[in-house]
Amino acid sequence: MFRRVSAALLASPVASVALASSERPQMQSPLIIYGTAWKKERTKELVLAALNCGFRGIDTACQPKHYDESAVGQAIAISGIDRSELYIQTKYTPLRGQDPVRVPYDSSAPLEEQVRQSITVSLSNLQTTWIDCLLLHSPLPTHDETMRVWRQMERAVDAGHCRTLGVSNCYALRDLERLCLDARIKPAVVQNRFYRDTGYDKELRSFCSANTIQYQSFWTLTANPRPLQSRALSRVAKAHNCTPEQAWFSFVRSLGIVPLTGTCSEKHMLEDLNLVTLSELQVNDLHFLIE
């Protein structure tokens with residue numbers, strides 16, 4: 001059982017889908033998002049290139065270990081694109097995911113204060129007054145700790161600093177169910193690695209679909225060498241005169257998934273924005289690749 005995206009949406013690189021926002025009007029999220037992890041000193045250059053190519057969704061994190069959030073903000077400022085045209089999501093990264101010598105908040109502070117400081121740093125880095133979606137980079141070791149962080153994230157929504165909330169690296173369905181049960185502002189986004197080792201999150205994606213949660217995928221290409229080399233995908237790519245990578249992204253989007261791409265090639269950026277509409281038969285023919 002999976003949710004399909006309409007052909008009309010898939011045909012447009014700048015199309016968007018409604019993103020659930022508890023206690024707030026629905027907002028729009030692009031159908032593909034540019035990811036900025038591990039770009040290091042090239043972050044500003046590559047984000048600017050992505051924006052110039054047509055990307056309007058940017059993913060980053062307040063985690064100097066793997067992201068340069070301030071360079072993302074600089075690229076956005078240089079681009080001259082009106083803030084209202086952009087979807088910017090960032091993350092609060094718990095202490096265990098930070099570089100011990102470059103923690104962007106007071107590591108000795110209570111969890112609530114760590115989150116508050118992280119959001120303040122993100123708003124400054126990104127040169128914006130609001131974050132479209134704030135994600136918890138990963139659940140904490142205990143549910144109680146996760147909820148302490150989530151309550152502070154909810155306060156950021158109440159204050160107008162964030163519009164929606166989400167969680168990343170959440171692979172246990174029970175963890176997501178408990179979060180949804182106990183949260184006042186429900187997660188609007190789940191962002192996970194989409195690959196064979198987790199069974200492509202089949203049950204978790206079904207839960208997301210049933211609860212109006214957008215499922216985002218990262219490492220969508222890197223973690224899937226076998227599907228990309230499959231004859232079935234090659235046939236679909238040939239039929240649409242596109243690359244296997246474009247065919248795979250198109251298939252993933254047809255499932256209702258919003259993929260992230262972190263390519264450093266402008267040629268590939270343009271290809272990732274120029275996806276194709278697969279027929280129902282083609283989607284069905286490819287579905288065995290994620291079973």
# chains A, B, ... in the order shown; residues from 1 in each chain; ligands from 1
$ residues_around --residues "A:Ala172" --least-positions-apart "4" --cutoff "10 Å" --atoms "only C-alpha atoms" --output "short mmCIF file (atom, residue, chain, number, x, y, z; two decimals) with N, CA, C and O atoms, in the first residue's frame"
data_model
loop_
_atom_site.label_atom_id
_atom_site.label_comp_id
_atom_site.auth_asym_id
_atom_site.auth_seq_id
_atom_site.Cartn_x
_atom_site.Cartn_y
_atom_site.Cartn_z
N PRO A 139 16.05 10.80 17.49
CA PRO A 139 15.47 10.65 18.82
C PRO A 139 16.57 10.49 19.87
O PRO A 139 17.66 10.00 19.57
N LEU A 176 8.15 6.56 16.69
CA LEU A 176 7.34 7.56 15.99
C LEU A 176 5.91 7.56 16.51
O LEU A 176 5.31 8.63 16.69
N GLU A 177 5.38 6.39 16.77
CA GLU A 177 4.01 6.30 17.31
C GLU A 177 3.91 6.99 18.66
O GLU A 177 2.95 7.74 18.92
N THR A 198 16.84 -1.11 5.98
CA THR A 198 15.67 -0.86 6.85
C THR A 198 14.37 -1.30 6.18
O THR A 198 13.29 -0.90 6.62
N ASP A 201 11.74 1.22 4.99
CA ASP A 201 10.79 1.83 5.94
C ASP A 201 9.33 1.58 5.55
O ASP A 201 8.47 2.46 5.69
N GLU A 203 6.69 -0.13 6.77
CA GLU A 203 5.66 0.09 7.78
C GLU A 203 5.65 1.53 8.25
O GLU A 203 4.58 2.13 8.45
N LEU A 204 6.83 2.10 8.41
CA LEU A 204 6.91 3.48 8.87
C LEU A 204 6.32 4.44 7.84
O LEU A 204 5.60 5.38 8.18
#
$ residues_around --residues "A:Gln98" --least-positions-apart "3" --cutoff "9 Å" --atoms "only C-alpha atoms" --output "PyMOL selection string"
chain A and resi 63-66+93-95+101-104
$ select_by_dssp --residues "stretch 30-184 of chain A" --states "helix (DSSP H, G or I)" --output "NGL selection string"
:A and (40-53 or 69-79 or 83-85 or 95-97 or 111-125 or 143-158 or 173-182)
$ residues_around --residues "stretch 142-146 of chain A" --least-positions-apart "5" --cutoff "10 Å" --atoms "only C-alpha atoms" --output "ChimeraX atom specification"
/A:94,111-112,136,151,175,178-179,182
$ atom_distance --atom1 "atom CA of A:Cys53" --atom2 "atom CA of A:Tyr87"
15.3 Å
$ residues_around --residues "stretch 211-224 of chain A" --least-positions-apart "6" --cutoff "8 Å" --atoms "only C-alpha atoms" --output "short mmCIF file (atom, residue, chain, number, x, y, z; two decimals) with all heavy atoms, in the first residue's frame"
data_model
loop_
_atom_site.label_atom_id
_atom_site.label_comp_id
_atom_site.auth_asym_id
_atom_site.auth_seq_id
_atom_site.Cartn_x
_atom_site.Cartn_y
_atom_site.Cartn_z
N LEU A 19 2.15 20.51 3.33
CA LEU A 19 2.82 19.94 4.48
C LEU A 19 1.98 20.23 5.71
O LEU A 19 1.67 21.38 5.99
CB LEU A 19 4.21 20.57 4.63
CG LEU A 19 5.15 20.02 5.71
CD1 LEU A 19 5.50 18.58 5.42
CD2 LEU A 19 6.41 20.86 5.75
N ALA A 20 1.58 19.18 6.41
CA ALA A 20 0.72 19.35 7.57
C ALA A 20 1.39 20.23 8.61
O ALA A 20 2.59 20.13 8.86
CB ALA A 20 0.39 18.00 8.18
N PRO A 187 4.55 15.69 14.46
CA PRO A 187 5.57 15.81 13.41
C PRO A 187 4.93 15.90 12.02
O PRO A 187 4.02 15.12 11.70
CB PRO A 187 6.41 14.55 13.56
CG PRO A 187 5.55 13.59 14.33
CD PRO A 187 4.68 14.43 15.20
N ALA A 188 5.39 16.85 11.24
CA ALA A 188 4.92 17.01 9.87
C ALA A 188 5.84 16.30 8.89
O ALA A 188 5.45 16.03 7.75
CB ALA A 188 4.82 18.49 9.51
N VAL A 189 7.06 15.99 9.34
CA VAL A 189 8.07 15.39 8.47
C VAL A 189 8.81 14.29 9.21
O VAL A 189 9.13 14.42 10.39
CB VAL A 189 9.09 16.46 8.00
CG1 VAL A 189 10.30 15.81 7.33
CG2 VAL A 189 8.44 17.46 7.06
N VAL A 190 9.08 13.20 8.51
CA VAL A 190 10.05 12.18 8.93
C VAL A 190 11.08 12.10 7.83
O VAL A 190 10.74 11.92 6.66
CB VAL A 190 9.39 10.81 9.16
CG1 VAL A 190 10.46 9.72 9.29
CG2 VAL A 190 8.50 10.82 10.39
N GLN A 191 12.35 12.25 8.20
CA GLN A 191 13.43 12.21 7.20
C GLN A 191 14.38 11.07 7.54
O GLN A 191 15.06 11.10 8.56
CB GLN A 191 14.19 13.54 7.18
CG GLN A 191 15.26 13.62 6.11
CD GLN A 191 16.17 14.81 6.30
OE1 GLN A 191 17.30 14.69 6.78
NE2 GLN A 191 15.68 16.00 5.93
N ASN A 192 14.41 10.06 6.67
CA ASN A 192 15.23 8.87 6.92
C ASN A 192 16.06 8.48 5.71
O ASN A 192 15.74 8.86 4.58
CB ASN A 192 14.35 7.67 7.28
CG ASN A 192 13.94 7.65 8.75
OD1 ASN A 192 14.39 8.47 9.55
ND2 ASN A 192 13.08 6.72 9.10
N ARG A 193 17.07 7.68 5.97
CA ARG A 193 17.81 7.06 4.88
C ARG A 193 16.90 6.01 4.25
O ARG A 193 16.33 5.17 4.95
CB ARG A 193 19.09 6.41 5.41
CG ARG A 193 20.00 5.86 4.34
CD ARG A 193 21.27 5.29 4.96
NE ARG A 193 21.96 6.28 5.77
CZ ARG A 193 23.05 6.00 6.51
NH1 ARG A 193 23.53 4.78 6.55
NH2 ARG A 193 23.62 6.96 7.21
N PHE A 194 16.76 6.07 2.95
CA PHE A 194 15.84 5.20 2.22
C PHE A 194 16.66 4.10 1.55
O PHE A 194 17.24 4.31 0.50
CB PHE A 194 15.08 6.03 1.18
CG PHE A 194 14.03 5.29 0.40
CD1 PHE A 194 12.88 4.84 1.01
CD2 PHE A 194 14.20 5.05 -0.96
CE1 PHE A 194 11.90 4.17 0.28
CE2 PHE A 194 13.24 4.39 -1.70
CZ PHE A 194 12.08 3.94 -1.08
N TYR A 195 16.70 2.93 2.21
CA TYR A 195 17.53 1.87 1.65
C TYR A 195 17.12 0.49 2.16
O TYR A 195 16.26 0.34 3.04
CB TYR A 195 19.00 2.15 1.91
CG TYR A 195 19.52 2.05 3.33
CD1 TYR A 195 20.81 1.57 3.57
CD2 TYR A 195 18.76 2.43 4.44
CE1 TYR A 195 21.33 1.49 4.86
CE2 TYR A 195 19.28 2.36 5.73
CZ TYR A 195 20.56 1.87 5.93
OH TYR A 195 21.06 1.78 7.21
N ARG A 196 17.77 -0.50 1.56
CA ARG A 196 17.39 -1.89 1.77
C ARG A 196 17.53 -2.34 3.22
O ARG A 196 16.72 -3.14 3.72
CB ARG A 196 18.26 -2.78 0.86
CG ARG A 196 17.90 -4.24 0.87
CD ARG A 196 18.79 -5.00 -0.11
NE ARG A 196 18.45 -6.41 -0.19
CZ ARG A 196 19.07 -7.28 -0.97
NH1 ARG A 196 20.07 -6.86 -1.75
NH2 ARG A 196 18.71 -8.54 -0.98
N ARG A 205 6.60 4.18 6.55
CA ARG A 205 6.03 5.04 5.50
C ARG A 205 4.51 4.91 5.44
O ARG A 205 3.80 5.89 5.18
CB ARG A 205 6.64 4.69 4.14
CG ARG A 205 8.07 5.17 3.98
CD ARG A 205 8.58 5.04 2.56
NE ARG A 205 8.72 3.66 2.12
CZ ARG A 205 7.99 3.08 1.18
NH1 ARG A 205 7.04 3.76 0.55
NH2 ARG A 205 8.20 1.82 0.83
N GLU A 245 19.34 7.57 -12.70
CA GLU A 245 19.15 8.36 -11.48
C GLU A 245 17.85 9.17 -11.54
O GLU A 245 17.11 9.26 -10.55
CB GLU A 245 20.35 9.30 -11.28
CG GLU A 245 21.64 8.61 -10.90
CD GLU A 245 22.36 7.97 -12.09
OE1 GLU A 245 21.94 8.18 -13.25
OE2 GLU A 245 23.35 7.23 -11.86
N TRP A 248 15.01 6.75 -11.03
CA TRP A 248 14.87 6.33 -9.65
C TRP A 248 14.24 7.43 -8.79
O TRP A 248 13.31 7.17 -8.02
CB TRP A 248 16.24 5.96 -9.08
CG TRP A 248 16.23 5.49 -7.65
CD1 TRP A 248 16.78 6.13 -6.58
CD2 TRP A 248 15.63 4.29 -7.13
NE1 TRP A 248 16.58 5.41 -5.43
CE2 TRP A 248 15.88 4.27 -5.73
CE3 TRP A 248 14.93 3.24 -7.71
CZ2 TRP A 248 15.44 3.23 -4.91
CZ3 TRP A 248 14.49 2.20 -6.89
CH2 TRP A 248 14.74 2.21 -5.52
N PHE A 249 14.70 8.67 -8.94
CA PHE A 249 14.08 9.78 -8.23
C PHE A 249 12.60 9.89 -8.60
O PHE A 249 11.74 10.16 -7.75
CB PHE A 249 14.78 11.10 -8.55
CG PHE A 249 15.93 11.44 -7.64
CD1 PHE A 249 17.09 11.97 -8.16
CD2 PHE A 249 15.85 11.27 -6.27
CE1 PHE A 249 18.16 12.31 -7.34
CE2 PHE A 249 16.90 11.59 -5.43
CZ PHE A 249 18.07 12.12 -5.97
N GLY A 256 5.12 9.14 -3.17
CA GLY A 256 4.75 10.18 -2.21
C GLY A 256 5.92 10.61 -1.35
O GLY A 256 5.74 11.34 -0.36
N ILE A 257 7.12 10.19 -1.70
CA ILE A 257 8.33 10.53 -0.95
C ILE A 257 8.94 11.82 -1.52
O ILE A 257 8.97 12.01 -2.72
CB ILE A 257 9.36 9.39 -1.04
CG1 ILE A 257 8.80 8.13 -0.36
CG2 ILE A 257 10.69 9.79 -0.43
CD1 ILE A 257 9.64 6.88 -0.60
N VAL A 258 9.42 12.67 -0.63
CA VAL A 258 10.15 13.87 -1.04
C VAL A 258 11.64 13.57 -0.85
O VAL A 258 12.11 13.48 0.27
CB VAL A 258 9.74 15.10 -0.23
CG1 VAL A 258 10.65 16.29 -0.55
CG2 VAL A 258 8.28 15.47 -0.51
N PRO A 259 12.39 13.39 -1.94
CA PRO A 259 13.81 13.06 -1.81
C PRO A 259 14.69 14.28 -1.63
O PRO A 259 14.37 15.37 -2.09
CB PRO A 259 14.11 12.35 -3.13
CG PRO A 259 13.19 13.00 -4.11
CD PRO A 259 11.94 13.35 -3.35
N LEU A 260 15.82 14.06 -0.94
CA LEU A 260 16.88 15.05 -0.90
C LEU A 260 17.95 14.64 -1.90
O LEU A 260 18.18 13.45 -2.10
CB LEU A 260 17.51 15.12 0.49
CG LEU A 260 16.86 16.03 1.54
CD1 LEU A 260 15.47 15.52 1.91
CD2 LEU A 260 17.74 16.12 2.78
N THR A 261 18.55 15.61 -2.54
CA THR A 261 19.69 15.36 -3.38
C THR A 261 20.83 16.27 -2.95
O THR A 261 20.60 17.44 -2.67
CB THR A 261 19.38 15.58 -4.88
OG1 THR A 261 20.58 15.38 -5.65
CG2 THR A 261 18.85 16.98 -5.15
#
$ closest_residue --among "A:Leu134, A:Arg83, A:Arg96, A:Phe207" --to "A:Tyr171" --atoms "only C-alpha atoms"
A:Phe207
$ closest_residue --among "A:Pro225, A:Gly80, A:Gly160, A:Pro110" --to "A:Trp130" --atoms "only C-alpha atoms"
A:Gly160
$ decode --residues "stretch 168-199 of chain A" --atoms "C-alpha atoms" --output "mmCIF file, in the first residue's frame"
data_model
loop_
_atom_site.group_PDB
_atom_site.id
_atom_site.type_symbol
_atom_site.label_atom_id
_atom_site.label_comp_id
_atom_site.auth_asym_id
_atom_site.auth_seq_id
_atom_site.Cartn_x
_atom_site.Cartn_y
_atom_site.Cartn_z
ATOM 1 C CA SER A 168 15.125 12.553 11.293
ATOM 2 C CA ASN A 169 16.832 9.171 11.678
ATOM 3 C CA CYS A 170 13.743 7.688 13.288
ATOM 4 C CA TYR A 171 13.635 4.059 12.157
ATOM 5 C CA ALA A 172 11.642 2.444 14.966
ATOM 6 C CA LEU A 173 7.920 2.690 14.282
ATOM 7 C CA ARG A 174 7.193 2.512 18.002
ATOM 8 C CA ASP A 175 9.310 5.637 18.615
ATOM 9 C CA LEU A 176 7.340 7.565 15.991
ATOM 10 C CA GLU A 177 4.011 6.298 17.306
ATOM 11 C CA ARG A 178 4.859 7.403 20.844
ATOM 12 C CA LEU A 179 6.033 10.789 19.618
ATOM 13 C CA CYS A 180 2.796 11.318 17.703
ATOM 14 C CA LEU A 181 0.753 10.201 20.695
ATOM 15 C CA ASP A 182 2.427 12.493 23.212
ATOM 16 C CA ALA A 183 3.186 15.537 21.069
ATOM 17 C CA ARG A 184 0.893 18.546 21.112
ATOM 18 C CA ILE A 185 2.253 19.614 17.728
ATOM 19 C CA LYS A 186 2.578 16.442 15.691
ATOM 20 C CA PRO A 187 5.566 15.813 13.408
ATOM 21 C CA ALA A 188 4.918 17.007 9.869
ATOM 22 C CA VAL A 189 8.070 15.386 8.466
ATOM 23 C CA VAL A 190 10.046 12.180 8.933
ATOM 24 C CA GLN A 191 13.426 12.212 7.198
ATOM 25 C CA ASN A 192 15.233 8.871 6.923
ATOM 26 C CA ARG A 193 17.813 7.061 4.879
ATOM 27 C CA PHE A 194 15.835 5.195 2.218
ATOM 28 C CA TYR A 195 17.535 1.873 1.651
ATOM 29 C CA ARG A 196 17.392 -1.894 1.770
ATOM 30 C CA ASP A 197 18.839 -2.334 5.285
ATOM 31 C CA THR A 198 15.674 -0.857 6.849
ATOM 32 C CA GLY A 199 13.296 -2.539 4.419
#
